[in-house]
Amino acid sequence: MILRSTRARRAVMGLAVGAAAVSLALTGCSSSGDGGSGGGKGGSADTLVVYTGQAGDYQINFNPYSPTKIGGLGAIYESLFFVTNVNTNEPKPLLGTEYAWNEDGTQLDITLRDGVTWTDGEAFDADDVVFTFQLLLDNPALNTMGFGGDVSKVDATHVTLTFDEPAFVQGPELLGKVFIVPEHIWKDIDPTTDVMAEPIGTGPYVLGEFKAQAFTLTANEDYWDGAPAVKAVRYLSLSGNTAGVDALKAGTIDWQTGPVPDIQNVSKNYPGYDQITIGQNQMALLTCSSADLGCEGPQTDPAVRKAIYYALDRGQVNSLAFQNTASDMSPTFALLPAQEQFISSDIEEKTVPDAPDLDKVDELLTGAGYAKGSDGVYAKDGEPLSLTIEVVTGWTDYITAIDTMSQQLKAAGINVTAAQSSWNEWTDKKSKGTYELAIDSLGQGVSSDPYYLYNNFFSTANTAKVGEAAPVNVARFSDPAVDDALAVLKSTNPDDTAARQEQFDIIQDAIVEDMPYIPILTGGTTSEFNSADFTGWPTEDDLYAFPAIWASPDNVEIFKALKPAGE
Amino acid sequence: MNYYVRKLGFYLVALWAALTLNFLIPRLLPGNPVDILLAKLQQRGGTVNAETRQAYTLLLGGDDSQPLLVQYGSYLVNTFKGDLGVSVTYFPAPVTEVIATSLPWTIMLIGIATVLSFIIGVSLGAFVGWKPGTWLDSLVPATTLLAAVPYFWLALILVYFLASTLGLFPSQGGYDVVLTPGWNMEFIGSAVYYGFLPALTIVIASLGGWLLGMRNMMVSTLSEDYVLTAQAKGLSDAKILRGYAARNAVLPSIAGFAISLGFVVSGSVVTEQVFSYPGIGSKLLSAVTNNDYALMQGLFLFITLAVLGANLVVDMFYGLIDPRTRARS
């Protein structure tokens, strides 16, 4: 049970949370009957009940800069623009209305919305924006995006950010993930430890009632864009995935993100509900790849990594482990299909092979000095080729995937065993580099641009020697050519696609050649939602926000777009 | 007097040892809070890079740079000052606050369940022991079987039948979330309703131990001469059962009961997990999975104090009612 709840938090496989817009359990039994009239039960028909995978009590914390915040991003506090990594649309104006970069990316001019008020009645203006950015500069503990520029007010509706060096790539984060806070309240508090029990923001919702097992956001009737149609959003705490599925079955939640049994038939098994699966997590076997940085084991040889890559039967893995919810993947780690245009034309295999290619495996391993022994396993200098994959106990889909893959690899002449350990131990091994292979997924950056993934997982700046904690690049991949290309990308205007593509080509050639992360498939994040009582959910054709309840501020865009059925 | 001084001295040493283990054991866990927090953020779609790591290390206080001995010293001093530190999991809430919100739930649920299972177990045990060799003896294997079944399985079976299939009880939670916690009938009623099923599973699972112990004591007490005398005097069976046999047979069980009350505070991790009950057990679990040293230490401290306290009370109590204990030691 424990492990399941941990697993539920893993966005990776779409485990997340789901939500369904429903009325509470209490009203659940009667809702189908007379939900439409809505008169009797005081607005429960426009209350959306969501489950974010929260296991255990909520501890109040609506400080948008706290790592333990429980909500409010986008709903209570708004950013300047809405930026999502699920589509390539332009940022959607919220508190900002326009922005413009200067030629070399060292100055960002932002125009702010006029006539917005905080929910305590004070007027919002450029001073609040300046205060918020200054807050990040003054408190390194809050500055999780590494904002290093200067901020200045031009007039009441214009602010300017300036940087010492080109900062194009920071744009989406600065515009979309810095949540503007009211100066008149925040100037008197300690922003690192205050939990903002009575949050004041500009957003479409205000905090209604808070209790340890549930809290409610209620509509801000004075919202600058008009009050949202969903009048209340109730967040529940349950015990994990299984409890989420039970609640879905009982109709007590309206939206949750996470796998359910028999995903393909959600609308049949849960009448009134629908599901959407969005692939965003590129699953890979992480390898401790760099012998120079201290990695040990046969996987430090690129030929071994590529042999594993060619030995997998991904179709079988998908059907046995992932209910066929995983989708195609590119060995360049450009997310398919959204980032297909970024794939280098030099790459011959645009997508990972579906079926194993044992001749290729043999060619690669023989070339690296391995020979097949009488037991059918490759060996070098008398040492059979044998590897261990680290996985977290209870991550059942990954464990099934590993079981499947180890049989496929065995047939190809490579011995692979799974080592299950606790979440803590697994995280420790990964970040310290004391592993051979580990299964995980590579997440996307702030917007739909492969730069962020490359910078996080393939840059020397994000890695460390074995024994020291690496922030993100746990494969310990380090290539000066890739670092240079990332530096060029950083100072290239995102609109100059040709110049950027040149650098992407360099990076993609290097990572496909070296393969520090062995691509498997793109994992889907499945959400189940109540389409009978609420309309306006994202669809694959109109993917205006990432439809996972734990994804904020994307979820708030969905709250705003939903309409109770029958209105 | 000497007896009490020695006892107290012993408990002080035990307390120190417990505090020291309390400090060391969490630090033997692999990983550290910042990395685990980052891994979680990353897997919930957050962007994590070197700057993020640096920011959170600053925020959560990277005191792992201090030597262990210095940390130990300040830990002991702070503990005696009642300052248990700040929880990383529930940052920035202090540990004392986290414990204060969950302790009442655990004490009520596990406390009431323990008292109920003791009363029911001992009464049944007295009754079964009164008539050894009859069909009533089959209650002993029946209840010990229930105690031997893995607890989580029993709990899940009951949830399946009573909550999911029959819908008699809610399957999870501590109270109906539409209510506001407070001392009013509606809320208390809801808490009792939600607590019934978890309490029932605890009672069923722990009944067997009390019943078996009591039944065996009864059987041996019944062969005592004073019971024979009472029967010879023509006292009624009910009076012998209550006044002569059960009253003497229950003594060892009472000592066991006092000690088991000490364990009430530690709650039941499994119960609280199965029913997502908002108590100490679920807090302990999240502390362990997040490498939240301060919260773990705080919880272990409370549990240690409760168990030591219960033992101390039993020791003192025995010294008082049984002079032989004092004389021999």
# chains A, B, ... in the order shown; residues from 1 in each chain; ligands from 1
$ residues_around --residues "segment 141-150 of chain B" --least-positions-apart "6" --cutoff "12 Å" --atoms "only C-alpha atoms" --output "PyMOL selection string"
chain B and resi 117+120-121+124-125+135+156-157+201-213+215+270-271
$ write_last_selection --atoms "N, CA, C and O atoms" --output "short mmCIF file (atom, residue, chain, number, x, y, z; two decimals), in the first residue's frame"
data_model
loop_
_atom_site.label_atom_id
_atom_site.label_comp_id
_atom_site.auth_asym_id
_atom_site.auth_seq_id
_atom_site.Cartn_x
_atom_site.Cartn_y
_atom_site.Cartn_z
N SER B 117 -10.60 -4.62 23.29
CA SER B 117 -10.17 -5.98 23.04
C SER B 117 -9.71 -6.62 24.35
O SER B 117 -9.89 -7.82 24.56
N ILE B 120 -13.10 -7.52 26.30
CA ILE B 120 -13.79 -8.64 25.68
C ILE B 120 -12.96 -9.91 25.82
O ILE B 120 -13.45 -10.98 26.19
N GLY B 121 -11.65 -9.80 25.55
CA GLY B 121 -10.78 -10.97 25.60
C GLY B 121 -10.73 -11.58 26.99
O GLY B 121 -10.87 -12.80 27.16
N LEU B 124 -14.21 -13.16 27.97
CA LEU B 124 -14.40 -14.44 27.28
C LEU B 124 -13.45 -15.48 27.85
O LEU B 124 -13.83 -16.63 28.06
N GLY B 125 -12.21 -15.05 28.12
CA GLY B 125 -11.21 -15.98 28.64
C GLY B 125 -11.64 -16.55 29.99
O GLY B 125 -11.50 -17.74 30.25
N TRP B 135 -17.11 -27.44 24.66
CA TRP B 135 -17.01 -26.90 23.28
C TRP B 135 -16.48 -25.47 23.29
O TRP B 135 -15.98 -24.98 22.30
N LEU B 156 -8.15 -6.07 4.95
CA LEU B 156 -8.63 -5.91 3.58
C LEU B 156 -9.90 -6.73 3.34
O LEU B 156 -10.82 -6.30 2.65
N ILE B 157 -9.94 -7.95 3.95
CA ILE B 157 -11.13 -8.79 3.81
C ILE B 157 -12.34 -8.06 4.39
O ILE B 157 -13.42 -7.98 3.79
N THR B 201 -11.22 -4.23 13.31
CA THR B 201 -10.17 -5.13 12.85
C THR B 201 -9.09 -5.29 13.92
O THR B 201 -8.57 -6.38 14.11
N ILE B 202 -8.79 -4.21 14.65
CA ILE B 202 -7.78 -4.33 15.71
C ILE B 202 -8.29 -5.25 16.81
O ILE B 202 -7.57 -6.12 17.31
N VAL B 203 -9.55 -5.07 17.19
CA VAL B 203 -10.11 -5.89 18.27
C VAL B 203 -10.09 -7.36 17.86
O VAL B 203 -9.61 -8.22 18.60
N ILE B 204 -10.56 -7.64 16.66
CA ILE B 204 -10.60 -9.04 16.20
C ILE B 204 -9.20 -9.64 16.20
O ILE B 204 -8.98 -10.77 16.63
N ALA B 205 -8.24 -8.84 15.74
CA ALA B 205 -6.90 -9.39 15.59
C ALA B 205 -6.18 -9.57 16.92
O ALA B 205 -5.30 -10.41 17.03
N SER B 206 -6.54 -8.78 17.94
CA SER B 206 -5.76 -8.88 19.18
C SER B 206 -6.51 -9.61 20.29
O SER B 206 -5.96 -9.86 21.36
N LEU B 207 -7.76 -9.96 20.02
CA LEU B 207 -8.57 -10.64 21.03
C LEU B 207 -7.93 -11.95 21.51
O LEU B 207 -7.88 -12.24 22.71
N GLY B 208 -7.40 -12.71 20.56
CA GLY B 208 -6.92 -14.05 20.85
C GLY B 208 -5.89 -14.10 21.97
O GLY B 208 -5.95 -14.99 22.83
N GLY B 209 -4.96 -13.15 21.98
CA GLY B 209 -3.90 -13.15 22.99
C GLY B 209 -4.45 -13.03 24.39
O GLY B 209 -4.11 -13.81 25.29
N TRP B 210 -5.35 -12.05 24.58
CA TRP B 210 -5.94 -11.86 25.91
C TRP B 210 -6.74 -13.08 26.33
O TRP B 210 -6.66 -13.54 27.46
N LEU B 211 -7.51 -13.60 25.38
CA LEU B 211 -8.39 -14.73 25.69
C LEU B 211 -7.57 -15.94 26.14
O LEU B 211 -7.85 -16.55 27.18
N LEU B 212 -6.52 -16.23 25.38
CA LEU B 212 -5.71 -17.41 25.69
C LEU B 212 -5.05 -17.29 27.06
O LEU B 212 -5.12 -18.20 27.89
N GLY B 213 -4.46 -16.09 27.32
CA GLY B 213 -3.78 -15.89 28.60
C GLY B 213 -4.73 -16.02 29.77
O GLY B 213 -4.44 -16.69 30.77
N ARG B 215 -7.67 -17.51 29.86
CA ARG B 215 -8.26 -18.85 29.98
C ARG B 215 -7.30 -19.77 30.73
O ARG B 215 -7.68 -20.50 31.64
N VAL B 270 0.10 -0.23 10.00
CA VAL B 270 -0.66 -0.96 8.99
C VAL B 270 -2.13 -0.54 9.01
O VAL B 270 -2.72 -0.26 7.97
N THR B 271 -2.71 -0.47 10.20
CA THR B 271 -4.12 -0.07 10.28
C THR B 271 -4.32 1.28 9.63
O THR B 271 -5.22 1.48 8.82
#
$ residues_around --residues "Ile259 of chain B" --least-positions-apart "4" --cutoff "10 Å" --atoms "only C-alpha atoms" --output "list in words"
Ser253, Ile254, Ala255, Phe263, Val264, Ala306, Val307, Leu308, Gly309, Ala310, Asn311, Leu312, Val313 and Val314 of chain B
$ atom_distance --atom1 "atom CA of Pro204 of chain A" --atom2 "atom CA of Thr216 of chain A"
13.1 Å
$ closest_residue --among "B:Ser74, B:Asn22, B:Ser276, B:Ser220" --to "chain A" --atoms "only C-alpha atoms"
B:Ser276
$ closest_residue --among "B:Thr101, B:Ser282, B:Val265, B:Gly73" --to "Pro181 of chain B" --atoms "only C-alpha atoms"
B:Thr101
$ closest_residue --among "A:Thr300, A:Thr111, A:Gln59, A:Ser448" --to "Ala475 of chain A" --atoms "only C-alpha atoms"
A:Thr300
$ residues_around --residues "Gln264 of chain A" --least-positions-apart "4" --cutoff "10 Å" --atoms "only C-alpha atoms" --output "list in words"
Val260, Lys268, Asn269, Asp274, Gln275, Ile276, Thr277, Gln323, Asn324 and Thr325 of chain A
$ atom_distance --atom1 "atom CA of Val274 of chain B" --atom2 "atom CA of Thr242 of chain A"
10.4 Å
$ select_by_dssp --residues "segment 155-257 of chain A" --states "strand (DSSP E or B)" --output "JSON, numbers by chain"
{"A": [155, 158, 159, 160, 161, 162, 205, 206, 207, 208, 209, 210, 211, 214, 215, 216, 217, 218, 219, 232, 233, 234, 235, 236, 237, 238, 254, 255, 256, 257]}
$ atom_distance --atom1 "atom CA of Lys40 of chain B" --atom2 "atom CA of Trp426 of chain A"
12.4 Å
$ residues_around --residues "Leu387 of chain A" --least-positions-apart "5" --cutoff "8 Å" --atoms "only C-alpha atoms" --output "NGL selection string"
:A and (297-299 or 414-417 or 436-437)
$ write_last_selection --atoms "N, CA and C atoms" --output "short mmCIF file (atom, residue, chain, number, x, y, z; two decimals), in the first residue's frame"
data_model
loop_
_atom_site.label_atom_id
_atom_site.label_comp_id
_atom_site.auth_asym_id
_atom_site.auth_seq_id
_atom_site.Cartn_x
_atom_site.Cartn_y
_atom_site.Cartn_z
N GLY A 297 31.35 -1.30 -14.38
CA GLY A 297 30.45 -2.31 -14.92
C GLY A 297 30.48 -2.30 -16.43
N PRO A 298 29.96 -3.39 -17.04
CA PRO A 298 30.02 -3.51 -18.50
C PRO A 298 29.24 -2.40 -19.23
N GLN A 299 28.27 -1.78 -18.54
CA GLN A 299 27.46 -0.77 -19.24
C GLN A 299 28.24 0.50 -19.55
N ILE A 414 22.39 -11.70 -23.12
CA ILE A 414 22.82 -10.77 -22.07
C ILE A 414 22.04 -11.11 -20.80
N ASN A 415 22.77 -11.31 -19.71
CA ASN A 415 22.12 -11.64 -18.44
C ASN A 415 21.75 -10.35 -17.72
N VAL A 416 20.48 -10.24 -17.34
CA VAL A 416 20.06 -9.05 -16.61
C VAL A 416 19.25 -9.50 -15.41
N THR A 417 19.55 -8.96 -14.23
CA THR A 417 18.73 -9.26 -13.07
C THR A 417 18.18 -7.96 -12.51
N GLU A 436 24.30 0.08 -11.99
CA GLU A 436 24.67 -0.24 -13.37
C GLU A 436 23.59 0.26 -14.31
N LEU A 437 22.38 -0.29 -14.12
CA LEU A 437 21.24 0.18 -14.90
C LEU A 437 20.11 0.50 -13.93
#
$ decode --residues "segment 339-358 of chain A" --atoms "N, CA, C and O atoms" --output "compact mmCIF listing (two decimals), in the first residue's frame"
# COMPACT_ATOMS: atom_id res chain seq x y z
N GLN A 339 7.39 17.06 -30.65
CA GLN A 339 8.68 17.67 -30.99
C GLN A 339 9.34 16.98 -32.18
O GLN A 339 10.55 17.02 -32.36
N GLU A 340 8.54 16.36 -33.02
CA GLU A 340 9.07 15.60 -34.15
C GLU A 340 9.93 16.48 -35.06
O GLU A 340 10.95 16.04 -35.58
N GLN A 341 9.53 17.77 -35.20
CA GLN A 341 10.25 18.66 -36.12
C GLN A 341 11.67 18.95 -35.67
O GLN A 341 12.47 19.46 -36.43
N PHE A 342 12.00 18.62 -34.41
CA PHE A 342 13.34 18.91 -33.91
C PHE A 342 14.32 17.77 -34.18
O PHE A 342 15.50 17.88 -33.86
N ILE A 343 13.84 16.65 -34.73
CA ILE A 343 14.74 15.50 -34.90
C ILE A 343 15.68 15.75 -36.08
O ILE A 343 15.25 16.13 -37.16
N SER A 344 16.94 15.52 -35.83
CA SER A 344 17.96 15.76 -36.84
C SER A 344 17.74 14.88 -38.07
O SER A 344 17.37 13.71 -37.95
N SER A 345 18.02 15.44 -39.25
CA SER A 345 17.84 14.64 -40.46
C SER A 345 18.97 13.62 -40.61
O SER A 345 18.89 12.72 -41.43
N ASP A 346 20.04 13.76 -39.82
CA ASP A 346 21.14 12.78 -39.89
C ASP A 346 20.80 11.47 -39.19
O ASP A 346 21.50 10.49 -39.34
N ILE A 347 19.77 11.52 -38.37
CA ILE A 347 19.45 10.31 -37.59
C ILE A 347 18.68 9.35 -38.49
O ILE A 347 17.63 9.69 -39.03
N GLU A 348 19.22 8.15 -38.64
CA GLU A 348 18.57 7.21 -39.56
C GLU A 348 17.31 6.61 -38.96
O GLU A 348 16.28 6.51 -39.61
N GLU A 349 17.41 6.21 -37.71
CA GLU A 349 16.22 5.63 -37.07
C GLU A 349 15.48 6.73 -36.35
O GLU A 349 15.90 7.20 -35.30
N LYS A 350 14.36 7.15 -36.93
CA LYS A 350 13.61 8.25 -36.30
C LYS A 350 12.93 7.78 -35.02
O LYS A 350 12.70 8.55 -34.10
N THR A 351 12.55 6.50 -35.01
CA THR A 351 11.90 5.98 -33.82
C THR A 351 12.63 4.71 -33.39
O THR A 351 13.38 4.11 -34.17
N VAL A 352 12.40 4.34 -32.13
CA VAL A 352 13.06 3.14 -31.61
C VAL A 352 12.51 1.91 -32.31
O VAL A 352 11.33 1.87 -32.69
N PRO A 353 13.36 0.88 -32.53
CA PRO A 353 12.85 -0.32 -33.21
C PRO A 353 11.85 -1.06 -32.34
O PRO A 353 11.99 -1.10 -31.11
N ASP A 354 10.83 -1.59 -32.97
CA ASP A 354 9.79 -2.28 -32.23
C ASP A 354 10.20 -3.72 -31.91
O ASP A 354 9.91 -4.23 -30.84
N ALA A 355 10.89 -4.34 -32.85
CA ALA A 355 11.26 -5.76 -32.68
C ALA A 355 12.77 -5.87 -32.49
O ALA A 355 13.52 -5.00 -32.92
N PRO A 356 13.23 -6.93 -31.84
CA PRO A 356 14.67 -7.08 -31.61
C PRO A 356 15.42 -7.37 -32.90
O PRO A 356 14.88 -7.93 -33.83
N ASP A 357 16.68 -6.96 -32.92
CA ASP A 357 17.54 -7.21 -34.08
C ASP A 357 18.80 -7.91 -33.56
O ASP A 357 19.78 -7.28 -33.19
N LEU A 358 18.73 -9.26 -33.52
CA LEU A 358 19.79 -10.01 -32.85
C LEU A 358 21.11 -9.99 -33.63
O LEU A 358 22.18 -10.08 -33.05
